[in-house]
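> Mind having a look at this structure? Questions to follow.
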Amino acid sequence: MSNPILQVSGLTMDFGGIRALNKLDLDVHAGEIVALIGPNGAGKTTFFNCVTGIYTPTAGDVLMTRPGDKKPISLKGLKPNYVTQKGLARTFQNIRLFSKMTVLENVMIGRHCRTKAFILGAVLRNASTRREEQQIAEMSYSLLEKVKLADLANELAENLSYGAQRRLEIARALATEPHLLLLDEPAAGMNPQETQALIELIREISSDGQAILLIEHDMKLVMALSDRIYVMDYGKKIAEGNPEQIRTNPEVIKAYLGEDVDA
Amino acid sequence: MFSLKTLRTGVLISLWFVFLTFPLMVIKVDPLERIIQWRWKNALLVGIGTFLIYLVVQYLNYRKEHQPPAKVEDTKDQVSFIHKFIADPIQRKLLFGGLLVIAAIFPFVVSTYQTNIMITALMYVVLGLGLNIVVGMAGLLDLGFVAFYAVGAYSYALLNHHFGLGFWEVLPIGGGLAAIAGILLGFPVLRLRGDYLAIVTLGFGEIIRLVLENWSEFSKGPSGISNISRPGFLGMELSLEGSILYMYYIMIAFMIFTIFVVNRLQDSRLGRAWIALREDEIACQAMGIDKQKTKLAAFSLGAFWAGLMGVIFAAKTTFINPASFTFLESAIILSIVVLGGMGSIVGVIIGALVLILLPEYLRALSEYRMLAFGAILVAMMIFRPQGMIATVRRTYRFQKK
């Protein structure tokens, strides 16, 4: 079997005296949907922040093997923009869109790290810059079609409904052409219909061979989508397996429901 | 319409204003006669005036509240008149053509003195547009902009003084040196945000001025550098009037060039990144935008323009000393941007013309210039925080084929 796209080993993050992540191991292989679940405060978002370079982990390593690469590259300690450039894109738990920009422009920002026109290109606006700009717009538009926001392309992002904003974040992340897409609670605050639509969207994205790692509380979504599930509590991994194994794992039930007093 | 309570507040506000303006309006010291004049009539006038203005404002508020709500306002209505006007390509061409003609014949219609003032105003237009890249587009509050202006001016003055280099040779050098200064300053400080960045840039501006003032061997200190040569026209020496005229056209060309560049930057990949960076830095980085590089680009571009204007300033006045590069200059340029409308090119141009030309023509009131300046800024922040001409960002319109 080839190297996993993302291989996290012994990841540890301390905030002062608090150990938010404790020697966490996690792999994501090509084409997989992997879910990371756990009670509130378990350290899931901290894990995302460590992997994407917003925090620098205290110990451990984050390795990434891109398709075609022989050796894995380490993402540890890289700045967030370089992590994205290497092929890891994320969405945010609390939506972070550019609210005063249009829907299309939001996605176009995602193309930034794959294009290169700079000051001279902007001023001269030569043929290659114009072509690049056209390509950015076309690709962004087709991504909007994919997440069914194409008819709102010229609307300001802040005017979108909540579910649409979540979908826009996914489109923006996809615009960076990631090898691995990280979704931080994509279904938070959605109603059942929106969640159902989201499940279908994620399936569709995954069917293109996109590897996805997601954090989610909505068990319906997690169980419907995931190939494998990791369960965290207090910064530690407590279980790992396919949905069926996780559903019946006593450790997981204990973490979520608390210990039975009579037992 | 006016309740007793609003009237009472009005009286209190008037009294407060009388108190605030007391030292300025009432007390007058006559140093020759060694007496103090108490001009109580002024206090009365200030009080009554304030009260009347208060009543008018209250009345307008009252009208606004009791008017039947207007029909759902189209967002188009909030777009300022000028932007609506130039949105139409034919009208835009007409307007620009007209302005160009006026600009071209302007120096032949008015006196040399007027032309000279206009050159100054145009310089501030370009400075404002340069700072607009930093403040308006990238959202980095820079209070030390004048430092880069000084770098440009001193590059020309020193290179001309020591090596006899001409205006056109130094122009790119001055701009380049200022841009390098921008990058050097930018590296350590651009991780700061908002107020902190403002304070550091303010400090940097003062450092440059103090160095120029005290490093006499290098910059000749407070006595400045004189006899800087004016730009020559194809190797010819021009008369004073001729060179002012020449300067004027150089400035017009520069302004058009600047507008062109700023306009293009606004609609580019880089311009988009600046706007995104202004809105959410973390999301921006997560989308692969290099924060450092993008901010430095804005900073050095702004500095570049300040440097160019510095060279022109030195060539225009033929004499510079550190007193021309005080914090007040930075404040004026920043006011131009804020007053005109952050991010709006038309706004900045009008802001510069108003702020620079108005004081020139109201020389009689020059005593109260700073007072009026402060009052206008406060009033703007309350009544029209988006500036005189609010920016209308052109969003990317995509037509599906």
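Ligands are numbered from 1 in the order shown, residues from 1 within each chain, and chains are lettered A, B, ... in the order they appear in the structure tokens.
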Could you give me, as a VMD selection string, the residues within 12 Å of Ala253 in chain B, counting only C-alpha atoms and dropping anything in the same chain fewer than 5 positions from it?

chain B and resid 100 103 to 104 119 122 to 123 126 246 to 248 258 to 260

> Residues of the last selection are to be written out with all heavy atoms, as an mmCIF file, in the first residue's frame.


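Contents of the output file selection_22.cif:
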```cif
data_model
loop_
_atom_site.group_PDB
_atom_site.id
_atom_site.type_symbol
_atom_site.label_atom_id
_atom_site.label_comp_id
_atom_site.auth_asym_id
_atom_site.auth_seq_id
_atom_site.Cartn_x
_atom_site.Cartn_y
_atom_site.Cartn_z
ATOM 1 N N LEU B 100 -9.428 66.860 -19.064
ATOM 2 C CA LEU B 100 -8.086 66.879 -19.654
ATOM 3 C C LEU B 100 -7.843 68.207 -20.362
ATOM 4 O O LEU B 100 -6.778 68.817 -20.225
ATOM 5 C CB LEU B 100 -7.940 65.715 -20.638
ATOM 6 C CG LEU B 100 -6.515 65.239 -20.865
ATOM 7 C CD1 LEU B 100 -5.934 64.684 -19.594
ATOM 8 C CD2 LEU B 100 -6.484 64.179 -21.964
ATOM 9 N N ALA B 103 -7.392 70.848 -17.815
ATOM 10 C CA ALA B 103 -6.078 70.724 -17.208
ATOM 11 C C ALA B 103 -4.994 71.236 -18.146
ATOM 12 O O ALA B 103 -4.028 71.848 -17.716
ATOM 13 C CB ALA B 103 -5.812 69.262 -16.844
ATOM 14 N N ALA B 104 -5.185 71.003 -19.440
ATOM 15 C CA ALA B 104 -4.146 71.389 -20.394
ATOM 16 C C ALA B 104 -4.054 72.904 -20.549
ATOM 17 O O ALA B 104 -2.960 73.450 -20.655
ATOM 18 C CB ALA B 104 -4.417 70.739 -21.752
ATOM 19 N N ILE B 119 0.134 72.826 -8.721
ATOM 20 C CA ILE B 119 1.154 71.766 -8.695
ATOM 21 C C ILE B 119 1.177 71.113 -7.315
ATOM 22 O O ILE B 119 1.167 69.888 -7.182
ATOM 23 C CB ILE B 119 2.552 72.341 -9.031
ATOM 24 C CG1 ILE B 119 2.576 72.876 -10.455
ATOM 25 C CG2 ILE B 119 3.612 71.265 -8.871
ATOM 26 C CD1 ILE B 119 3.880 73.561 -10.802
ATOM 27 N N LEU B 122 -1.766 68.911 -6.923
ATOM 28 C CA LEU B 122 -1.630 67.661 -7.684
ATOM 29 C C LEU B 122 -0.675 66.711 -6.986
ATOM 30 O O LEU B 122 -0.887 65.492 -6.973
ATOM 31 C CB LEU B 122 -1.127 67.963 -9.102
ATOM 32 C CG LEU B 122 -2.129 68.644 -10.023
ATOM 33 C CD1 LEU B 122 -1.488 68.970 -11.352
ATOM 34 C CD2 LEU B 122 -3.347 67.759 -10.234
ATOM 35 N N MET B 123 0.373 67.280 -6.372
ATOM 36 C CA MET B 123 1.298 66.417 -5.636
ATOM 37 C C MET B 123 0.574 65.694 -4.505
ATOM 38 O O MET B 123 0.790 64.511 -4.262
ATOM 39 C CB MET B 123 2.449 67.239 -5.056
ATOM 40 C CG MET B 123 3.524 67.541 -6.078
ATOM 41 S SD MET B 123 4.745 68.668 -5.427
ATOM 42 C CE MET B 123 5.211 67.836 -3.950
ATOM 43 N N VAL B 126 -1.469 62.814 -5.798
ATOM 44 C CA VAL B 126 -0.692 61.597 -6.025
ATOM 45 C C VAL B 126 -0.274 60.966 -4.697
ATOM 46 O O VAL B 126 -0.348 59.744 -4.525
ATOM 47 C CB VAL B 126 0.537 61.897 -6.912
ATOM 48 C CG1 VAL B 126 1.381 60.668 -7.077
ATOM 49 C CG2 VAL B 126 0.080 62.403 -8.258
ATOM 50 N N TYR B 246 6.422 73.518 -16.955
ATOM 51 C CA TYR B 246 6.919 72.166 -17.221
ATOM 52 C C TYR B 246 6.556 71.226 -16.063
ATOM 53 O O TYR B 246 6.028 70.129 -16.252
ATOM 54 C CB TYR B 246 8.433 72.260 -17.407
ATOM 55 C CG TYR B 246 9.113 70.973 -17.784
ATOM 56 C CD1 TYR B 246 8.570 70.129 -18.749
ATOM 57 C CD2 TYR B 246 10.313 70.608 -17.193
ATOM 58 C CE1 TYR B 246 9.201 68.968 -19.100
ATOM 59 C CE2 TYR B 246 10.954 69.439 -17.536
ATOM 60 C CZ TYR B 246 10.398 68.623 -18.496
ATOM 61 O OH TYR B 246 11.020 67.471 -18.837
ATOM 62 N N MET B 247 6.787 71.719 -14.868
ATOM 63 C CA MET B 247 6.469 70.960 -13.655
ATOM 64 C C MET B 247 4.991 70.593 -13.619
ATOM 65 O O MET B 247 4.614 69.483 -13.243
ATOM 66 C CB MET B 247 6.798 71.870 -12.453
ATOM 67 C CG MET B 247 7.222 71.143 -11.247
ATOM 68 S SD MET B 247 8.793 70.393 -11.607
ATOM 69 C CE MET B 247 9.035 69.510 -10.138
ATOM 70 N N TYR B 248 4.179 71.567 -13.997
ATOM 71 C CA TYR B 248 2.743 71.359 -13.965
ATOM 72 C C TYR B 248 2.358 70.184 -14.872
ATOM 73 O O TYR B 248 1.619 69.281 -14.475
ATOM 74 C CB TYR B 248 2.031 72.629 -14.413
ATOM 75 C CG TYR B 248 0.541 72.478 -14.585
ATOM 76 C CD1 TYR B 248 -0.292 72.468 -13.474
ATOM 77 C CD2 TYR B 248 -0.020 72.317 -15.842
ATOM 78 C CE1 TYR B 248 -1.650 72.312 -13.622
ATOM 79 C CE2 TYR B 248 -1.381 72.160 -15.994
ATOM 80 C CZ TYR B 248 -2.191 72.160 -14.891
ATOM 81 O OH TYR B 248 -3.528 71.989 -15.041
ATOM 82 N N THR B 258 -0.629 57.567 -12.187
ATOM 83 C CA THR B 258 -0.968 56.989 -10.891
ATOM 84 C C THR B 258 -2.387 56.439 -10.880
ATOM 85 O O THR B 258 -2.629 55.330 -10.407
ATOM 86 C CB THR B 258 -0.827 58.043 -9.780
ATOM 87 O OG1 THR B 258 0.431 58.673 -9.908
ATOM 88 C CG2 THR B 258 -0.947 57.410 -8.425
ATOM 89 N N ILE B 259 -3.316 57.246 -11.419
ATOM 90 C CA ILE B 259 -4.701 56.782 -11.453
ATOM 91 C C ILE B 259 -4.792 55.482 -12.237
ATOM 92 O O ILE B 259 -5.443 54.519 -11.807
ATOM 93 C CB ILE B 259 -5.613 57.854 -12.089
ATOM 94 C CG1 ILE B 259 -5.666 59.080 -11.186
ATOM 95 C CG2 ILE B 259 -7.020 57.311 -12.301
ATOM 96 C CD1 ILE B 259 -6.383 60.256 -11.807
ATOM 97 N N PHE B 260 -4.083 55.457 -13.351
ATOM 98 C CA PHE B 260 -4.090 54.264 -14.197
ATOM 99 C C PHE B 260 -3.589 53.043 -13.418
ATOM 100 O O PHE B 260 -4.233 51.991 -13.378
ATOM 101 C CB PHE B 260 -3.203 54.540 -15.418
ATOM 102 C CG PHE B 260 -2.940 53.362 -16.291
ATOM 103 C CD1 PHE B 260 -3.878 52.949 -17.217
ATOM 104 C CD2 PHE B 260 -1.747 52.658 -16.186
ATOM 105 C CE1 PHE B 260 -3.634 51.852 -18.016
ATOM 106 C CE2 PHE B 260 -1.501 51.563 -16.980
ATOM 107 C CZ PHE B 260 -2.446 51.156 -17.898
#
```

> Quick one: pick out all strand (DSSP E) residues within range 53-140 of chain A from a backbone DSSP run and write them as a ChimeraX atom specification.

/A:59-64,73-74,88-90

> Using only C-alpha atoms, find each residue in chain A having at least one atom no more than 6 Å away from chain B; report its shortest atom-to-atom pair and that distance in Å (one decimal), rows by chain then rising number, as JSON lines.


```
{"residue": "A:Pro80", "atom": "CA", "partner": "B:Ala286", "partner_atom": "CA", "distance": 5.4}
{"residue": "A:Asn81", "atom": "CA", "partner": "B:Gly288", "partner_atom": "CA", "distance": 3.8}
{"residue": "A:Thr84", "atom": "CA", "partner": "B:Gly288", "partner_atom": "CA", "distance": 5.0}
{"residue": "A:Gln85", "atom": "CA", "partner": "B:Gly288", "partner_atom": "CA", "distance": 5.8}
{"residue": "A:Phe98", "atom": "CA", "partner": "B:Glu279", "partner_atom": "CA", "distance": 5.9}
{"residue": "A:Gly110", "atom": "CA", "partner": "B:Met287", "partner_atom": "CA", "distance": 5.3}
{"residue": "A:Cys113", "atom": "CA", "partner": "B:Gly288", "partner_atom": "CA", "distance": 5.1}
{"residue": "A:Ala122", "atom": "CA", "partner": "B:Ser268", "partner_atom": "CA", "distance": 5.4}
{"residue": "A:Val123", "atom": "CA", "partner": "B:Arg264", "partner_atom": "CA", "distance": 5.6}
```

> Deliver the residues from the most recent selection as a file, using C-alpha atoms, as a PDB file, in the first residue's frame.


```
ATOM      1  CA  PRO A  80      -0.568  28.298   6.982  1.00  0.00           C
ATOM      2  CA  ASN A  81      -0.184  29.650   3.465  1.00  0.00           C
ATOM      3  CA  THR A  84      -2.258  25.315   1.717  1.00  0.00           C
ATOM      4  CA  GLN A  85       0.190  25.575  -1.145  1.00  0.00           C
ATOM      5  CA  PHE A  98     -14.755  37.563   3.158  1.00  0.00           C
ATOM      6  CA  GLY A 110      -8.855  30.388  -3.200  1.00  0.00           C
ATOM      7  CA  CYS A 113      -1.887  30.255  -4.364  1.00  0.00           C
ATOM      8  CA  ALA A 122      -1.501  43.830 -12.551  1.00  0.00           C
ATOM      9  CA  VAL A 123      -0.200  47.087 -14.000  1.00  0.00           C
TER      10      VAL A 123
END
```

> Can you work out which one of B:Asn42, B:Asn321, B:Asn132, B:Ser300 has the shortest atom-to-atom distance to Ser219 in chain B, counting only C-alpha atoms?

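Checking each candidate against Ser219 in chain B, we get B:Asn321 as the closest.
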
> Could you name the residues that touch Phe22 in chain B at 10 Å or less, counting only C-alpha atoms, but leaving out those on the same chain fewer than 3 positions away, as a PyMOL selection string?

chain B and resi 16-19+25-27+38-40+42-43+46

> Once you have the residues from the selection above, write them out as a PDB file, in the first residue's frame, restricted to N, CA, C and O atoms.


```pdb
ATOM      1  N   TRP B  16     -21.231  74.449  27.275  1.00  0.00           N
ATOM      2  CA  TRP B  16     -20.004  73.662  27.182  1.00  0.00           C
ATOM      3  C   TRP B  16     -19.117  74.191  26.051  1.00  0.00           C
ATOM      4  O   TRP B  16     -17.906  74.331  26.205  1.00  0.00           O
ATOM      5  N   PHE B  17     -19.731  74.540  24.938  1.00  0.00           N
ATOM      6  CA  PHE B  17     -18.958  75.066  23.820  1.00  0.00           C
ATOM      7  C   PHE B  17     -18.371  76.427  24.141  1.00  0.00           C
ATOM      8  O   PHE B  17     -17.230  76.717  23.775  1.00  0.00           O
ATOM      9  N   VAL B  18     -19.173  77.239  24.835  1.00  0.00           N
ATOM     10  CA  VAL B  18     -18.657  78.545  25.246  1.00  0.00           C
ATOM     11  C   VAL B  18     -17.418  78.334  26.105  1.00  0.00           C
ATOM     12  O   VAL B  18     -16.380  78.976  25.922  1.00  0.00           O
ATOM     13  N   PHE B  19     -17.510  77.375  26.990  1.00  0.00           N
ATOM     14  CA  PHE B  19     -16.394  77.070  27.884  1.00  0.00           C
ATOM     15  C   PHE B  19     -15.175  76.591  27.094  1.00  0.00           C
ATOM     16  O   PHE B  19     -14.048  77.030  27.319  1.00  0.00           O
ATOM     17  N   MET B  25     -11.726  82.452  21.963  1.00  0.00           N
ATOM     18  CA  MET B  25     -12.647  83.450  21.451  1.00  0.00           C
ATOM     19  C   MET B  25     -12.781  84.653  22.378  1.00  0.00           C
ATOM     20  O   MET B  25     -13.120  85.742  21.920  1.00  0.00           O
ATOM     21  N   VAL B  26     -12.596  84.472  23.651  1.00  0.00           N
ATOM     22  CA  VAL B  26     -12.904  85.566  24.572  1.00  0.00           C
ATOM     23  C   VAL B  26     -11.644  86.305  25.012  1.00  0.00           C
ATOM     24  O   VAL B  26     -11.559  87.521  24.910  1.00  0.00           O
ATOM     25  N   ILE B  27     -10.654  85.545  25.470  1.00  0.00           N
ATOM     26  CA  ILE B  27      -9.461  86.209  25.987  1.00  0.00           C
ATOM     27  C   ILE B  27      -8.579  86.650  24.833  1.00  0.00           C
ATOM     28  O   ILE B  27      -8.273  85.862  23.947  1.00  0.00           O
ATOM     29  N   TRP B  38     -11.244  91.231  27.292  1.00  0.00           N
ATOM     30  CA  TRP B  38     -12.267  90.186  27.472  1.00  0.00           C
ATOM     31  C   TRP B  38     -13.372  90.458  26.482  1.00  0.00           C
ATOM     32  O   TRP B  38     -14.131  91.398  26.635  1.00  0.00           O
ATOM     33  N   ARG B  39     -13.448  89.615  25.466  1.00  0.00           N
ATOM     34  CA  ARG B  39     -14.449  89.868  24.432  1.00  0.00           C
ATOM     35  C   ARG B  39     -15.690  89.054  24.728  1.00  0.00           C
ATOM     36  O   ARG B  39     -15.917  87.990  24.147  1.00  0.00           O
ATOM     37  N   TRP B  40     -16.484  89.526  25.674  1.00  0.00           N
ATOM     38  CA  TRP B  40     -17.645  88.737  26.116  1.00  0.00           C
ATOM     39  C   TRP B  40     -18.675  88.566  25.017  1.00  0.00           C
ATOM     40  O   TRP B  40     -19.441  87.608  25.025  1.00  0.00           O
ATOM     41  N   ASN B  42     -18.179  87.762  22.022  1.00  0.00           N
ATOM     42  CA  ASN B  42     -17.886  86.520  21.297  1.00  0.00           C
ATOM     43  C   ASN B  42     -18.481  85.309  21.995  1.00  0.00           C
ATOM     44  O   ASN B  42     -19.039  84.422  21.362  1.00  0.00           O
ATOM     45  N   ALA B  43     -18.337  85.282  23.321  1.00  0.00           N
ATOM     46  CA  ALA B  43     -18.876  84.153  24.077  1.00  0.00           C
ATOM     47  C   ALA B  43     -20.374  84.034  23.831  1.00  0.00           C
ATOM     48  O   ALA B  43     -20.906  82.948  23.590  1.00  0.00           O
ATOM     49  N   VAL B  46     -20.985  82.685  20.328  1.00  0.00           N
ATOM     50  CA  VAL B  46     -20.718  81.251  20.254  1.00  0.00           C
ATOM     51  C   VAL B  46     -21.871  80.478  20.876  1.00  0.00           C
ATOM     52  O   VAL B  46     -22.379  79.503  20.314  1.00  0.00           O
TER      53      VAL B  46
END
```

> I'd like the contact shell of range 326-332 of chain B - 7 Å cut-off, only C-alpha atoms, skipping same-chain residues fewer than 5 positions apart - returned as JSON, numbers by chain.

{"B": [143, 144, 145, 146]}

> Need the shell around range 134-137 of chain A: protein/DNA/RNA residues with any atom at most 8 Å away, counting only C-alpha atoms. Skip same-chain ones fewer than 4 positions apart. Format as a VMD selection string?

(chain A and resid 104 108 111 130 141) or (chain B and resid 398)

> Generate a file of the selected residues that holds all heavy atoms, formatted as a PDB file, in the first residue's frame.


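Written file, part_9.pdb:
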```
ATOM      1  N   LEU A 104     -18.408  34.884  -5.947  1.00  0.00           N
ATOM      2  CA  LEU A 104     -17.403  34.455  -6.919  1.00  0.00           C
ATOM      3  C   LEU A 104     -16.001  34.869  -6.478  1.00  0.00           C
ATOM      4  O   LEU A 104     -15.052  34.087  -6.537  1.00  0.00           O
ATOM      5  CB  LEU A 104     -17.722  35.052  -8.290  1.00  0.00           C
ATOM      6  CG  LEU A 104     -16.790  34.616  -9.412  1.00  0.00           C
ATOM      7  CD1 LEU A 104     -17.027  33.165  -9.760  1.00  0.00           C
ATOM      8  CD2 LEU A 104     -16.968  35.482 -10.642  1.00  0.00           C
ATOM      9  N   MET A 108     -12.485  32.973  -5.925  1.00  0.00           N
ATOM     10  CA  MET A 108     -11.300  33.392  -6.673  1.00  0.00           C
ATOM     11  C   MET A 108     -10.093  33.574  -5.757  1.00  0.00           C
ATOM     12  O   MET A 108      -8.955  33.324  -6.160  1.00  0.00           O
ATOM     13  CB  MET A 108     -11.594  34.692  -7.434  1.00  0.00           C
ATOM     14  CG  MET A 108     -12.499  34.489  -8.646  1.00  0.00           C
ATOM     15  SD  MET A 108     -13.108  36.029  -9.328  1.00  0.00           S
ATOM     16  CE  MET A 108     -11.738  36.509 -10.358  1.00  0.00           C
ATOM     17  N   ARG A 111      -8.019  30.631  -5.467  1.00  0.00           N
ATOM     18  CA  ARG A 111      -7.105  30.341  -6.577  1.00  0.00           C
ATOM     19  C   ARG A 111      -5.773  31.056  -6.418  1.00  0.00           C
ATOM     20  O   ARG A 111      -4.850  30.846  -7.201  1.00  0.00           O
ATOM     21  CB  ARG A 111      -7.733  30.768  -7.920  1.00  0.00           C
ATOM     22  CG  ARG A 111      -8.962  30.030  -8.319  1.00  0.00           C
ATOM     23  CD  ARG A 111      -8.724  28.563  -8.535  1.00  0.00           C
ATOM     24  NE  ARG A 111      -7.728  28.295  -9.571  1.00  0.00           N
ATOM     25  CZ  ARG A 111      -6.948  27.218  -9.592  1.00  0.00           C
ATOM     26  NH1 ARG A 111      -7.007  26.341  -8.617  1.00  0.00           N
ATOM     27  NH2 ARG A 111      -6.087  27.039 -10.559  1.00  0.00           N
ATOM     28  N   ARG A 130      -4.206  38.398 -18.359  1.00  0.00           N
ATOM     29  CA  ARG A 130      -5.638  38.362 -18.687  1.00  0.00           C
ATOM     30  C   ARG A 130      -6.132  36.924 -18.787  1.00  0.00           C
ATOM     31  O   ARG A 130      -7.208  36.586 -18.321  1.00  0.00           O
ATOM     32  CB  ARG A 130      -5.884  39.090 -20.009  1.00  0.00           C
ATOM     33  CG  ARG A 130      -5.858  40.591 -19.880  1.00  0.00           C
ATOM     34  CD  ARG A 130      -6.567  41.227 -21.065  1.00  0.00           C
ATOM     35  NE  ARG A 130      -5.987  40.799 -22.324  1.00  0.00           N
ATOM     36  CZ  ARG A 130      -4.999  41.452 -22.949  1.00  0.00           C
ATOM     37  NH1 ARG A 130      -4.511  42.544 -22.426  1.00  0.00           N
ATOM     38  NH2 ARG A 130      -4.519  41.013 -24.093  1.00  0.00           N
ATOM     39  N   TYR A 141     -16.134  29.715 -11.140  1.00  0.00           N
ATOM     40  CA  TYR A 141     -17.551  29.597 -11.468  1.00  0.00           C
ATOM     41  C   TYR A 141     -17.975  28.133 -11.526  1.00  0.00           C
ATOM     42  O   TYR A 141     -19.038  27.759 -11.021  1.00  0.00           O
ATOM     43  CB  TYR A 141     -17.830  30.298 -12.795  1.00  0.00           C
ATOM     44  CG  TYR A 141     -19.296  30.466 -13.067  1.00  0.00           C
ATOM     45  CD1 TYR A 141     -19.984  31.536 -12.502  1.00  0.00           C
ATOM     46  CD2 TYR A 141     -19.988  29.564 -13.862  1.00  0.00           C
ATOM     47  CE1 TYR A 141     -21.325  31.692 -12.723  1.00  0.00           C
ATOM     48  CE2 TYR A 141     -21.345  29.728 -14.091  1.00  0.00           C
ATOM     49  CZ  TYR A 141     -22.007  30.794 -13.520  1.00  0.00           C
ATOM     50  OH  TYR A 141     -23.334  30.949 -13.730  1.00  0.00           O
TER      51      TYR A 141
ATOM     52  N   PHE B 398     -18.925  38.054 -13.777  1.00  0.00           N
ATOM     53  CA  PHE B 398     -18.602  36.919 -14.627  1.00  0.00           C
ATOM     54  C   PHE B 398     -19.797  36.594 -15.502  1.00  0.00           C
ATOM     55  O   PHE B 398     -20.904  36.374 -15.016  1.00  0.00           O
ATOM     56  CB  PHE B 398     -18.248  35.710 -13.748  1.00  0.00           C
ATOM     57  CG  PHE B 398     -17.866  34.514 -14.553  1.00  0.00           C
ATOM     58  CD1 PHE B 398     -16.640  34.462 -15.186  1.00  0.00           C
ATOM     59  CD2 PHE B 398     -18.727  33.439 -14.665  1.00  0.00           C
ATOM     60  CE1 PHE B 398     -16.281  33.360 -15.923  1.00  0.00           C
ATOM     61  CE2 PHE B 398     -18.374  32.330 -15.402  1.00  0.00           C
ATOM     62  CZ  PHE B 398     -17.148  32.295 -16.035  1.00  0.00           C
TER      63      PHE B 398
END
```

> Find the distance between CA of Leu24 in chain A and CA of Leu11 in chain A and write it in Å to one decimal.

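Taking CA of Leu24 in chain A and CA of Leu11 in chain A, their separation equals 4.8 Å.
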
> Would you pick out the contacts of Glu194 in chain A at 12 Å or less, using only C-alpha atoms, so that residues sharing its chain but fewer than 4 positions from it are not included, and give the list as a ChimeraX atom specification?

/A:161-167,186-190,198-201,221

> So, with only C-alpha atoms as the atoms that count, which of A:Asn49, A:Thr65, A:Ser99, A:Asn159 lies closest to Lys86 in chain A?

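Under the stated criterion, the closest residue is A:Thr65.
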
> Which is closer to Val337 in chain B than all the others in B:Leu365, B:Ala198, B:Ile133, B:Leu238, using only C-alpha atoms?

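Of all the options, B:Ile133 lies closest to Val337 in chain B.
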
> For Leu213 in chain A, find every residue with an atom within 6 Å (counting only C-alpha atoms), except residues of its own chain fewer than 6 positions away, and show them as number ranges by chain.

A: 33-35, 182

> Mind dumping the selected residues with N, CA, C and O atoms as a PDB file, in the first residue's frame?


```pdb
ATOM      1  N   ILE A  33     -12.781   9.128   3.128  1.00  0.00           N
ATOM      2  CA  ILE A  33     -13.392  10.129   3.997  1.00  0.00           C
ATOM      3  C   ILE A  33     -13.158   9.665   5.421  1.00  0.00           C
ATOM      4  O   ILE A  33     -13.613   8.590   5.824  1.00  0.00           O
ATOM      5  N   VAL A  34     -12.421  10.443   6.169  1.00  0.00           N
ATOM      6  CA  VAL A  34     -12.123  10.092   7.551  1.00  0.00           C
ATOM      7  C   VAL A  34     -12.775  11.134   8.447  1.00  0.00           C
ATOM      8  O   VAL A  34     -12.729  12.324   8.159  1.00  0.00           O
ATOM      9  N   ALA A  35     -13.408  10.686   9.522  1.00  0.00           N
ATOM     10  CA  ALA A  35     -14.033  11.619  10.447  1.00  0.00           C
ATOM     11  C   ALA A  35     -13.280  11.605  11.764  1.00  0.00           C
ATOM     12  O   ALA A  35     -12.745  10.579  12.177  1.00  0.00           O
ATOM     13  N   LEU A 182      -9.906  19.527   4.549  1.00  0.00           N
ATOM     14  CA  LEU A 182     -10.244  19.429   5.965  1.00  0.00           C
ATOM     15  C   LEU A 182     -11.510  20.234   6.225  1.00  0.00           C
ATOM     16  O   LEU A 182     -11.539  21.427   5.965  1.00  0.00           O
TER      17      LEU A 182
END
```

> What does the structure give for the distance between CA of Trp274 in chain B and CA of Gly302 in chain B, in Å to one decimal?

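For CA of Trp274 in chain B relative to CA of Gly302 in chain B, the distance reads 13.2 Å.
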
> In Å, how far is it from CA of Leu15 in chain B to CA of Met370 in chain B?

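Separation of CA of Leu15 in chain B and CA of Met370 in chain B: 22.5 Å.
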
> Run DSSP on the backbone of this structure and report the residues of range 22-175 of chain A it assigns to alpha helix (DSSP H), as number ranges by chain.

A: 44-51, 80-86, 103-110, 119-124, 127-146, 162-174
